Number of protein chains: 4
Amino acid sequence: MAGNSFGKILVLTTFGESHGALTGGVLDGFPSNFQVDLHFIQSELNRRVPGTGDFSSPRKEEDRIEILSGIFEGKTTGAPIAFIIPNKDYRTEDYSALKEVYRPSHADYTWEKKYGHRDYRGGGRISARETAARVAGGAFAKLFLISKGISVHAEVCEIGGFMLPGEETRVHEYLQALKEAGDTTGGIISCTINGLPAGLGEPVFDKFQANLAKAMLSINAVKGFEYGSGFAGSRMKGSEHNDAFVAGPGGKGVQTSTNFSGGIQGGISNGMPVSFRVAFKPVSSIIMPQETINKQGQSVQFTGTGRHDVCVVPRAVPIVEAMAALVIADYMLAPAGSDSATTPVPR
Amino acid sequence: MAGNSFGKILVLTTFGESHGALTGGVLDGFPSNFQVDLHFIQSELNRRVPGTGDFSSPRKEEDRIEILSGIFEGKTTGAPIAFIIPNKDYRTEDYSALKEVYRPSHADYTWEKKYGHRDYRGGGRISARETAARVAGGAFAKLFLISKGISVHAEVCEIGGFMLPGEETRVHEYLQALKEAGDTTGGIISCTINGLPAGLGEPVFDKFQANLAKAMLSINAVKGFEYGSGFAGSRMKGSEHNDAFVAGPGGKGVQTSTNFSGGIQGGISNGMPVSFRVAFKPVSSIIMPQETINKQGQSVQFTGTGRHDVCVVPRAVPIVEAMAALVIADYMLAPAGSDSATTPVPR
Amino acid sequence: MAGNSFGKILVLTTFGESHGALTGGVLDGFPSNFQVDLHFIQSELNRRVPGTGDFSSPRKEEDRIEILSGIFEGKTTGAPIAFIIPNKDYRTEDYSALKEVYRPSHADYTWEKKYGHRDYRGGGRISARETAARVAGGAFAKLFLISKGISVHAEVCEIGGFMLPGEETRVHEYLQALKEAGDTTGGIISCTINGLPAGLGEPVFDKFQANLAKAMLSINAVKGFEYGSGFAGSRMKGSEHNDAFVAGPGGKGVQTSTNFSGGIQGGISNGMPVSFRVAFKPVSSIIMPQETINKQGQSVQFTGTGRHDVCVVPRAVPIVEAMAALVIADYMLAPAGSDSATTPVPR
Amino acid sequence: MAGNSFGKILVLTTFGESHGALTGGVLDGFPSNFQVDLHFIQSELNRRVPGTGDFSSPRKEEDRIEILSGIFEGKTTGAPIAFIIPNKDYRTEDYSALKEVYRPSHADYTWEKKYGHRDYRGGGRISARETAARVAGGAFAKLFLISKGISVHAEVCEIGGFMLPGEETRVHEYLQALKEAGDTTGGIISCTINGLPAGLGEPVFDKFQANLAKAMLSINAVKGFEYGSGFAGSRMKGSEHNDAFVAGPGGKGVQTSTNFSGGIQGGISNGMPVSFRVAFKPVSSIIMPQETINKQGQSVQFTGTGRHDVCVVPRAVPIVEAMAALVIADYMLAPAGSDSATTPVPR
């Protein structure tokens, strides 16, 4: 109910605050007897860590995962997989000024309004730090999907309104200017899932796209989601938008000649690639003076300091993939639905 | 698991197929001792029924709700509220030709792939018919929200790429042309929620926007969702996008001077209006010959006949409102979170 | 949350009140493409209806099930199976005297305390009437189990303290005396599940016996549950109680030489028969004057009238079976757990 | 689904194996802004640890809880409370002989059958070790209940068939004899909940007693549950068993003159004490040679060694209390149900 768990069959529960000792998670429902490549798990976490580039936070996070349970002799046992990722570089002294003030577009105010008590040292649960546990949990899901021939690939397709690939130089110039100004910008990530079997998803409330949308909008800073033809599809004609069914290669199986459906029809995958796009707002932490109020309701000026990401969108790529992988694995592990092994559908 | 239920505290389960005898639902978790205005419930259903306009299906659906349980002497008892909406005008003879063919961009193929057995007479569960039960369930949620001073208002803001209000004449001309051609188009609905208290929503996976997104993407034909600044927000600077906190009217309470956050920060409502937009693709049922394949995997031509909506977006307005109302009521009924009645947050 | 649904994969939601027009249910998650024998469903309902015997209520309930959705051409489609069972013989005039009084050991007081508003005409949801929907839903589960070679068989093993079989004559005499006195008694039902595969159940909170216990204690009038050696097992020595593993017939598979474990070890079925016992209290509706209080808190005398079951335990046999079948089918439909099709366990 | 979580509003997820480095848990949904007495949490854990008595295992478990998240400046923040309890004294060398053999009445066989891969060093998840996390989670629930005036008290009422209190001397002699023989025995724990408000519980599937029964049967070695009059109640007459309602002290409120109902009517608490009993089988680990089979299905003799509890029932007392407290707190935190603050029920 409190919403720190995600999934129905494969359930990831996360815990830990941005300025506590660690972030962690419990992954329940992962198949047993599965050989786990822990190097892959770690490599996924490494993708989320800020690099040495110019535009990401200098916060040095060595996201080293420690497995607490659920794996024995290299294989899953069916017991819940618990893990922690210690927070190596949190400094509480940075945050003492934040106790009384509500930072603009942060969750300081809403958290306090809801819970009446807040870890004022940072974002607490509403922090990019929490997503480390998602990436770790999603990496397990990815391993499972890989074993089934399913791939999940995301990439940045727009930063600050500039298209990628294609406008790399302008993006770098723009981000450099923002960095100097202490400002930030957002962007868009696109993601494609290949190798999905037809028949995943549920036709009514738990449509494939509905759970994907929830997964994406649960990521910090996400403002929008579209799949297949998306918003642009709303301006098309039905005669343009309909995807004609055709026989697959060599006359076997079924595919569509276009894919405005984005691989999903009636909430259920049709075997074509699933594609979607996710919009991220600019990060709220800027190094500029801003008007706001304090706990007493008085107007105050607040100026951010310390580490600062000009654009977090590149770091969000593995998070998008992780959340998508959790959604897909959950569907893959769900009961098959049909009592009959043989279906009259062409393959 | 099978996904015919929505919500955690206030749970709507729907049943019935488009070409069966009825559509229905069970609403569990609605507060007891609540006086129910059944005229309001019926009036919400009437909003979804096609009117006498030129561009909606001539299918005559008198969506008369019948309450089966849960209400006694005009008030809810705490028992589940079950209801049915008989399907008055289904004609099975229309659909015999559909048994062997997969209509383009319909769910015929995916349903059969998943379930191995299909009611070929129409869309079954994956049909606009199912949404009648959502509107009925959502109308109960709306009554509850109204009693708490919360309103949910949606409207069509774009059809076929034309903005509304403003381009009504061009929209009518466009729809007339599509009707003559047997074609269809999509559109966009915007929705605003007013009167929300601050503090609704959960900070991690069950963010307010995440559950809204899932609710919207669970509606047939929806391709995208954005809230607050949405996709456009991804192109803004942080210094533009951040919403400054200011004291409310008369120095009481807290509000923001802009609302790019769309009324939600960190997944939790901040008391400002929540606004979002939902994109609908063109309906797949067109009265034109299309290429597709049949169950045997052979290429065939399929031409739709019978009733036909040029644009369903106007009919989807009450569905968007209903799903939003279910999400909000679910949050309103959730445990308060804080053990303390008094919070240090300015009101 | 409101607790009118049971199960995780196979979910039965029930609705309807004892003195409303009908009782009904929605069964979601049942496998598609399954041929349904509706005569069997009806025959299970018939088992719950009071017979012409001397000791059951003369209330004439023709429990005729009507399927509303989810079945097409005799087979399940994967859509939720909704059904209703009209209440044929409810007479509201019987119940007007109940509006102000709290009947002893009925739920009048607790319902009103919880919900503030009550259908005073009878037990509402807390009535044996509700169990008709359980029997119908459970009958679907039974059909599924039968197709997998699993049987669920319950029988009365004790009435009023007399053992059955063996003391039939004394039971009849005792019930006759109670009937004349307007009194009631309880009893015990035993149930055995045969044909279960090993490996069903979950090792921690969702142990097989835990879900069985919940299912049984959710039945009206049930006061206790025990499985395998039960309460008596608490008085045994470990050396007596331990079940030795031995090779199965012909040296194939694994079984145990005794079955004090009741077919379950560590919450997971071991392939031996699962046996359990359920205790029912005497029905609260007696035709004798009783002291109680009314809504104003004043002492009043209440004397029950009308129809009256001396002992409902025989009628509860199909309910016990239905709830057990729902539990087992839910486990049968759950994900297999292991990623490997081959296990090193002897078969 | 995999069943390592318990509760709906207040959700405890446990992890860790008996022979891993630790046991732990995540408690989600606990109210924020609640001052936590960590000494109390630790003192509850100490109750579960084997003492210096003669009849409990010499395994030295210093169950020191470490809080990982969710508490800031001594108060809960609304974030999930994660904790670990390191396993101080596990010795893997003890368990190498267990790799190939299925110990009688242990879960070795069923785990391997279900999951295909097993931590053969001990019971893994199906071990008393797991219950440490339950006691810790339950201690938080208890703190919450204490703040609401609700107490949960369990005690051993029977060991090896001898009643307690009353037969202490005979119990000690019996346990001494069992210890010398390397044998074990079971017992019964009774539990009473005082201070409960009326109105807790749900009337149909989630009856108060149903969730209590599930909670108790989810504890290792539990074979039976009864509440109120229990199994003995099945032998009573309705006229004896019905609890007359009477006005409370000073004519205020409502109570019953007897309490065969065990404080629950129609699945909902009536404000009287809730009492129940739980039966435990003898522990399976005995220091005697036993017949069993190995993974190859061959007959082998197995003799337990090492630490060994003659009777775990005394150590289970805090576990029974913890699980009961989790059930009650979950109900206490659930939505109130009624929309009206004022009910017509006498108080």
# chains A, B, ... in the order shown; residues from 1 in each chain; ligands from 1
>>> closest_atom_pairs(of="chain A", to="chain D", cutoff="8 Å", atoms="only C-alpha atoms", output="JSON lines")
{"residue": "A:Met1", "atom": "CA", "partner": "D:Ile9", "partner_atom": "CA", "distance": 5.3}
{"residue": "A:Ala2", "atom": "CA", "partner": "D:Gly29", "partner_atom": "CA", "distance": 5.0}
{"residue": "A:Asn4", "atom": "CA", "partner": "D:Asp28", "partner_atom": "CA", "distance": 7.1}
{"residue": "A:Lys8", "atom": "CA", "partner": "D:Met1", "partner_atom": "CA", "distance": 6.6}
{"residue": "A:Ile9", "atom": "CA", "partner": "D:Met1", "partner_atom": "CA", "distance": 5.3}
{"residue": "A:Leu10", "atom": "CA", "partner": "D:Met1", "partner_atom": "CA", "distance": 7.8}
{"residue": "A:Phe15", "atom": "CA", "partner": "D:Pro80", "partner_atom": "CA", "distance": 5.8}
{"residue": "A:Gly16", "atom": "CA", "partner": "D:Ser69", "partner_atom": "CA", "distance": 5.0}
{"residue": "A:Glu17", "atom": "CA", "partner": "D:Ser69", "partner_atom": "CA", "distance": 6.7}
{"residue": "A:Gly20", "atom": "CA", "partner": "D:Ser69", "partner_atom": "CA", "distance": 6.9}
{"residue": "A:Ala21", "atom": "CA", "partner": "D:Leu68", "partner_atom": "CA", "distance": 7.1}
{"residue": "A:Leu22", "atom": "CA", "partner": "D:Leu68", "partner_atom": "CA", "distance": 7.3}
{"residue": "A:Val26", "atom": "CA", "partner": "D:Phe15", "partner_atom": "CA", "distance": 7.6}
{"residue": "A:Asp28", "atom": "CA", "partner": "D:Ala2", "partner_atom": "CA", "distance": 6.3}
{"residue": "A:Gly29", "atom": "CA", "partner": "D:Ala2", "partner_atom": "CA", "distance": 5.0}
{"residue": "A:Ser32", "atom": "CA", "partner": "D:Tyr115", "partner_atom": "CA", "distance": 5.5}
{"residue": "A:Asn33", "atom": "CA", "partner": "D:His117", "partner_atom": "CA", "distance": 5.3}
{"residue": "A:Leu68", "atom": "CA", "partner": "D:Gly16", "partner_atom": "CA", "distance": 6.9}
{"residue": "A:Ser69", "atom": "CA", "partner": "D:Gly16", "partner_atom": "CA", "distance": 5.0}
{"residue": "A:Gly70", "atom": "CA", "partner": "D:Gly16", "partner_atom": "CA", "distance": 7.0}
{"residue": "A:Phe72", "atom": "CA", "partner": "D:Asp119", "partner_atom": "CA", "distance": 6.2}
{"residue": "A:Lys75", "atom": "CA", "partner": "D:His117", "partner_atom": "CA", "distance": 7.7}
{"residue": "A:Thr76", "atom": "CA", "partner": "D:His117", "partner_atom": "CA", "distance": 7.5}
{"residue": "A:Thr77", "atom": "CA", "partner": "D:His117", "partner_atom": "CA", "distance": 5.5}
{"residue": "A:Gly78", "atom": "CA", "partner": "D:Tyr115", "partner_atom": "CA", "distance": 6.0}
{"residue": "A:Ala79", "atom": "CA", "partner": "D:Arg125", "partner_atom": "CA", "distance": 6.7}
{"residue": "A:Pro80", "atom": "CA", "partner": "D:Phe15", "partner_atom": "CA", "distance": 5.8}
{"residue": "A:Ile81", "atom": "CA", "partner": "D:Phe15", "partner_atom": "CA", "distance": 7.4}
{"residue": "A:Ala82", "atom": "CA", "partner": "D:Phe15", "partner_atom": "CA", "distance": 6.5}
{"residue": "A:Tyr115", "atom": "CA", "partner": "D:Ser32", "partner_atom": "CA", "distance": 5.5}
{"residue": "A:Gly116", "atom": "CA", "partner": "D:Asn33", "partner_atom": "CA", "distance": 6.0}
{"residue": "A:His117", "atom": "CA", "partner": "D:Asn33", "partner_atom": "CA", "distance": 5.3}
{"residue": "A:Arg118", "atom": "CA", "partner": "D:Thr77", "partner_atom": "CA", "distance": 5.7}
{"residue": "A:Asp119", "atom": "CA", "partner": "D:Phe72", "partner_atom": "CA", "distance": 6.2}
{"residue": "A:Arg125", "atom": "CA", "partner": "D:Ala79", "partner_atom": "CA", "distance": 6.7}
>>> atom_distance(atom1="CA of Val222 (chain C)", atom2="CA of Glu66 (chain C)")
28.7 Å
>>> atom_distance(atom1="CA of Val317 (chain B)", atom2="CA of Ala221 (chain A)")
27.2 Å
>>> residues_around(residues="Val278 (chain A)", least_positions_apart="2", cutoff="10 Å", atoms="only C-alpha atoms", output="list in words")
Ala154, Val156, Cys157, Gly187, Ile188, Ile189, Ser190, Cys191, Ala213, Met216, Leu217, Ile219, Val222, Lys223, Gly224, Phe225, Glu226, Tyr227, Phe276, Phe280 and Val320 of chain A; Gly224, Phe225, Glu226, Gly230, Phe231 and Ser234 of chain B
>>> select_by_dssp(residues="region 126-233 of chain C", states="helix (DSSP H, G or I)", output="MDAnalysis selection string")
chainID C and resid 128:147 168:181 208:217 230:233
>>> select_by_dssp(residues="region 149-246 of chain C", states="strand (DSSP E)", output="compact mmCIF listing (two decimals) with all heavy atoms, in the first residue's frame")
# COMPACT_ATOMS: atom_id res chain seq x y z
N SER C 151 -8.61 -34.57 -6.35
CA SER C 151 -9.96 -34.62 -5.79
C SER C 151 -9.99 -33.99 -4.40
O SER C 151 -9.00 -34.02 -3.68
CB SER C 151 -10.43 -36.08 -5.69
OG SER C 151 -9.68 -36.76 -4.70
N VAL C 152 -11.12 -33.40 -4.07
CA VAL C 152 -11.33 -32.78 -2.76
C VAL C 152 -12.59 -33.39 -2.18
O VAL C 152 -13.67 -33.26 -2.77
CB VAL C 152 -11.51 -31.25 -2.90
CG1 VAL C 152 -11.72 -30.62 -1.54
CG2 VAL C 152 -10.33 -30.62 -3.63
N HIS C 153 -12.46 -34.07 -1.04
CA HIS C 153 -13.63 -34.72 -0.49
C HIS C 153 -13.77 -34.41 1.00
O HIS C 153 -12.89 -34.71 1.79
CB HIS C 153 -13.54 -36.24 -0.67
CG HIS C 153 -14.69 -36.96 -0.06
ND1 HIS C 153 -15.95 -36.96 -0.62
CD2 HIS C 153 -14.79 -37.68 1.10
CE1 HIS C 153 -16.78 -37.65 0.16
NE2 HIS C 153 -16.09 -38.10 1.20
N ALA C 154 -14.91 -33.82 1.36
CA ALA C 154 -15.18 -33.50 2.76
C ALA C 154 -16.36 -34.32 3.25
O ALA C 154 -17.21 -34.74 2.46
CB ALA C 154 -15.46 -32.01 2.92
N GLU C 155 -16.41 -34.53 4.56
CA GLU C 155 -17.58 -35.19 5.14
C GLU C 155 -17.70 -34.81 6.61
O GLU C 155 -16.72 -34.40 7.24
CB GLU C 155 -17.49 -36.70 4.98
CG GLU C 155 -16.27 -37.33 5.59
CD GLU C 155 -16.12 -38.81 5.20
OE1 GLU C 155 -16.65 -39.21 4.15
OE2 GLU C 155 -15.48 -39.54 5.96
N VAL C 156 -18.93 -34.93 7.11
CA VAL C 156 -19.17 -34.63 8.52
C VAL C 156 -18.59 -35.75 9.36
O VAL C 156 -18.91 -36.93 9.12
CB VAL C 156 -20.68 -34.48 8.80
CG1 VAL C 156 -20.92 -34.18 10.27
CG2 VAL C 156 -21.27 -33.38 7.92
N CYS C 157 -17.74 -35.43 10.33
CA CYS C 157 -17.18 -36.50 11.17
C CYS C 157 -17.64 -36.38 12.61
O CYS C 157 -17.32 -37.24 13.43
CB CYS C 157 -15.67 -36.53 11.07
SG CYS C 157 -14.87 -35.05 11.69
N GLU C 158 -18.38 -35.34 12.92
CA GLU C 158 -18.87 -35.20 14.30
C GLU C 158 -20.02 -34.20 14.29
O GLU C 158 -19.95 -33.16 13.63
CB GLU C 158 -17.71 -34.69 15.19
CG GLU C 158 -17.93 -34.88 16.67
CD GLU C 158 -16.73 -34.40 17.50
OE1 GLU C 158 -15.58 -34.75 17.16
OE2 GLU C 158 -16.96 -33.67 18.47
N ILE C 159 -21.10 -34.55 15.02
CA ILE C 159 -22.21 -33.60 15.22
C ILE C 159 -22.58 -33.62 16.69
O ILE C 159 -22.82 -34.69 17.26
CB ILE C 159 -23.45 -33.96 14.35
CG1 ILE C 159 -23.21 -33.55 12.90
CG2 ILE C 159 -24.70 -33.26 14.90
CD1 ILE C 159 -24.42 -33.71 11.99
N PHE C 162 -21.07 -36.25 18.79
CA PHE C 162 -21.20 -37.66 18.39
C PHE C 162 -20.41 -37.91 17.10
O PHE C 162 -20.51 -37.13 16.15
CB PHE C 162 -22.68 -38.01 18.15
CG PHE C 162 -23.52 -37.83 19.38
CD1 PHE C 162 -24.36 -36.72 19.50
CD2 PHE C 162 -23.47 -38.76 20.42
CE1 PHE C 162 -25.13 -36.54 20.63
CE2 PHE C 162 -24.26 -38.58 21.56
CZ PHE C 162 -25.09 -37.47 21.67
N MET C 163 -19.67 -39.01 17.09
CA MET C 163 -18.82 -39.31 15.95
C MET C 163 -19.64 -39.86 14.78
O MET C 163 -20.57 -40.64 14.97
CB MET C 163 -17.76 -40.38 16.32
CG MET C 163 -16.83 -40.00 17.45
SD MET C 163 -15.82 -38.55 17.03
CE MET C 163 -15.73 -37.76 18.65
N GLY C 187 -20.61 -28.99 14.93
CA GLY C 187 -19.99 -30.24 14.50
C GLY C 187 -18.65 -30.01 13.84
O GLY C 187 -18.14 -28.89 13.82
N ILE C 188 -18.12 -31.10 13.33
CA ILE C 188 -16.79 -31.06 12.73
C ILE C 188 -16.83 -31.72 11.36
O ILE C 188 -17.49 -32.75 11.18
CB ILE C 188 -15.75 -31.75 13.64
CG1 ILE C 188 -15.65 -31.00 14.99
CG2 ILE C 188 -14.38 -31.82 12.97
CD1 ILE C 188 -14.74 -31.65 16.00
N ILE C 189 -16.16 -31.10 10.40
CA ILE C 189 -16.04 -31.64 9.05
C ILE C 189 -14.57 -31.98 8.80
O ILE C 189 -13.68 -31.20 9.13
CB ILE C 189 -16.54 -30.62 8.00
CG1 ILE C 189 -18.07 -30.49 8.10
CG2 ILE C 189 -16.12 -31.01 6.60
CD1 ILE C 189 -18.66 -29.41 7.20
N SER C 190 -14.35 -33.16 8.25
CA SER C 190 -12.99 -33.51 7.83
C SER C 190 -12.91 -33.48 6.31
O SER C 190 -13.91 -33.69 5.62
CB SER C 190 -12.60 -34.90 8.35
OG SER C 190 -13.43 -35.87 7.76
N CYS C 191 -11.74 -33.20 5.81
CA CYS C 191 -11.59 -33.06 4.35
C CYS C 191 -10.26 -33.68 3.93
O CYS C 191 -9.24 -33.53 4.63
CB CYS C 191 -11.64 -31.59 3.97
SG CYS C 191 -11.60 -31.28 2.19
N THR C 192 -10.26 -34.36 2.82
CA THR C 192 -9.04 -34.98 2.29
C THR C 192 -8.86 -34.58 0.82
O THR C 192 -9.81 -34.61 0.05
CB THR C 192 -9.12 -36.51 2.39
OG1 THR C 192 -9.39 -36.86 3.74
CG2 THR C 192 -7.81 -37.15 1.94
N ILE C 193 -7.64 -34.22 0.50
CA ILE C 193 -7.30 -33.86 -0.87
C ILE C 193 -6.35 -34.92 -1.40
O ILE C 193 -5.29 -35.16 -0.82
CB ILE C 193 -6.60 -32.48 -0.91
CG1 ILE C 193 -7.46 -31.43 -0.21
CG2 ILE C 193 -6.30 -32.08 -2.35
CD1 ILE C 193 -6.68 -30.17 0.18
N ASN C 194 -6.76 -35.56 -2.48
CA ASN C 194 -5.91 -36.59 -3.09
C ASN C 194 -5.43 -36.16 -4.47
O ASN C 194 -6.09 -35.37 -5.15
CB ASN C 194 -6.69 -37.91 -3.20
CG ASN C 194 -6.70 -38.67 -1.89
OD1 ASN C 194 -5.67 -39.15 -1.42
ND2 ASN C 194 -7.88 -38.75 -1.28
N VAL C 222 -17.20 -21.08 11.64
CA VAL C 222 -16.03 -21.92 11.88
C VAL C 222 -15.23 -21.38 13.06
O VAL C 222 -14.98 -20.19 13.16
CB VAL C 222 -15.14 -22.02 10.62
CG1 VAL C 222 -13.80 -22.67 10.95
CG2 VAL C 222 -15.87 -22.79 9.53
N LYS C 223 -14.87 -22.28 13.98
CA LYS C 223 -14.13 -21.88 15.18
C LYS C 223 -12.73 -22.45 15.25
O LYS C 223 -11.94 -22.02 16.11
CB LYS C 223 -14.90 -22.35 16.44
CG LYS C 223 -16.32 -21.86 16.56
CD LYS C 223 -16.43 -20.36 16.70
CE LYS C 223 -16.00 -19.86 18.06
NZ LYS C 223 -16.30 -18.41 18.22
N GLY C 224 -12.43 -23.45 14.40
CA GLY C 224 -11.10 -24.04 14.51
C GLY C 224 -10.71 -24.81 13.26
O GLY C 224 -11.57 -25.22 12.47
N PHE C 225 -9.40 -24.96 13.11
CA PHE C 225 -8.82 -25.67 11.97
C PHE C 225 -7.61 -26.44 12.46
O PHE C 225 -6.82 -25.92 13.23
CB PHE C 225 -8.40 -24.64 10.91
CG PHE C 225 -7.52 -25.20 9.81
CD1 PHE C 225 -8.07 -25.75 8.66
CD2 PHE C 225 -6.12 -25.20 9.92
CE1 PHE C 225 -7.27 -26.27 7.64
CE2 PHE C 225 -5.31 -25.70 8.91
CZ PHE C 225 -5.89 -26.24 7.77
N GLU C 226 -7.47 -27.66 11.99
CA GLU C 226 -6.23 -28.40 12.25
C GLU C 226 -5.95 -29.28 11.04
O GLU C 226 -6.86 -29.67 10.32
CB GLU C 226 -6.34 -29.23 13.53
CG GLU C 226 -7.46 -30.26 13.51
CD GLU C 226 -7.55 -31.07 14.82
OE1 GLU C 226 -6.76 -30.81 15.74
OE2 GLU C 226 -8.42 -31.95 14.89
N TYR C 227 -4.67 -29.55 10.79
CA TYR C 227 -4.35 -30.42 9.66
C TYR C 227 -3.35 -31.48 10.12
O TYR C 227 -2.66 -31.30 11.14
CB TYR C 227 -3.81 -29.61 8.47
CG TYR C 227 -2.36 -29.26 8.55
CD1 TYR C 227 -1.42 -29.96 7.81
CD2 TYR C 227 -1.91 -28.22 9.35
CE1 TYR C 227 -0.06 -29.65 7.87
CE2 TYR C 227 -0.58 -27.91 9.43
CZ TYR C 227 0.35 -28.62 8.69
OH TYR C 227 1.68 -28.32 8.76
N PHE C 245 10.58 -40.99 5.10
CA PHE C 245 10.48 -41.04 3.64
C PHE C 245 10.82 -42.46 3.17
O PHE C 245 11.77 -43.08 3.67
CB PHE C 245 11.50 -40.08 3.00
CG PHE C 245 11.09 -38.64 3.07
CD1 PHE C 245 11.78 -37.74 3.87
CD2 PHE C 245 10.01 -38.18 2.33
CE1 PHE C 245 11.41 -36.40 3.93
CE2 PHE C 245 9.64 -36.84 2.38
CZ PHE C 245 10.34 -35.95 3.18
N VAL C 246 10.04 -42.92 2.23
CA VAL C 246 10.34 -44.22 1.61
C VAL C 246 10.12 -44.08 0.10
O VAL C 246 9.46 -43.16 -0.36
CB VAL C 246 9.43 -45.35 2.17
CG1 VAL C 246 9.73 -45.60 3.64
CG2 VAL C 246 7.96 -45.00 1.96
>>> atom_distance(atom1="CA of Gly122 (chain A)", atom2="CA of Gly306 (chain A)")
11.9 Å
>>> closest_residue(among="A:Thr131, A:Thr292, A:Ser261, A:Ser105", to="Asp63 (chain A)", atoms="only C-alpha atoms")
A:Thr131
>>> residues_around(residues="Asn211 (chain B)", least_positions_apart="6", cutoff="9 Å", atoms="only C-alpha atoms", output="number ranges by chain")
A: 213-214, 217-218; B: 201, 205, 327
>>> closest_residue(among="D:Ala177, D:Leu145, D:Leu196, D:Ala107", to="Val274 (chain D)", atoms="only C-alpha atoms")
D:Leu196
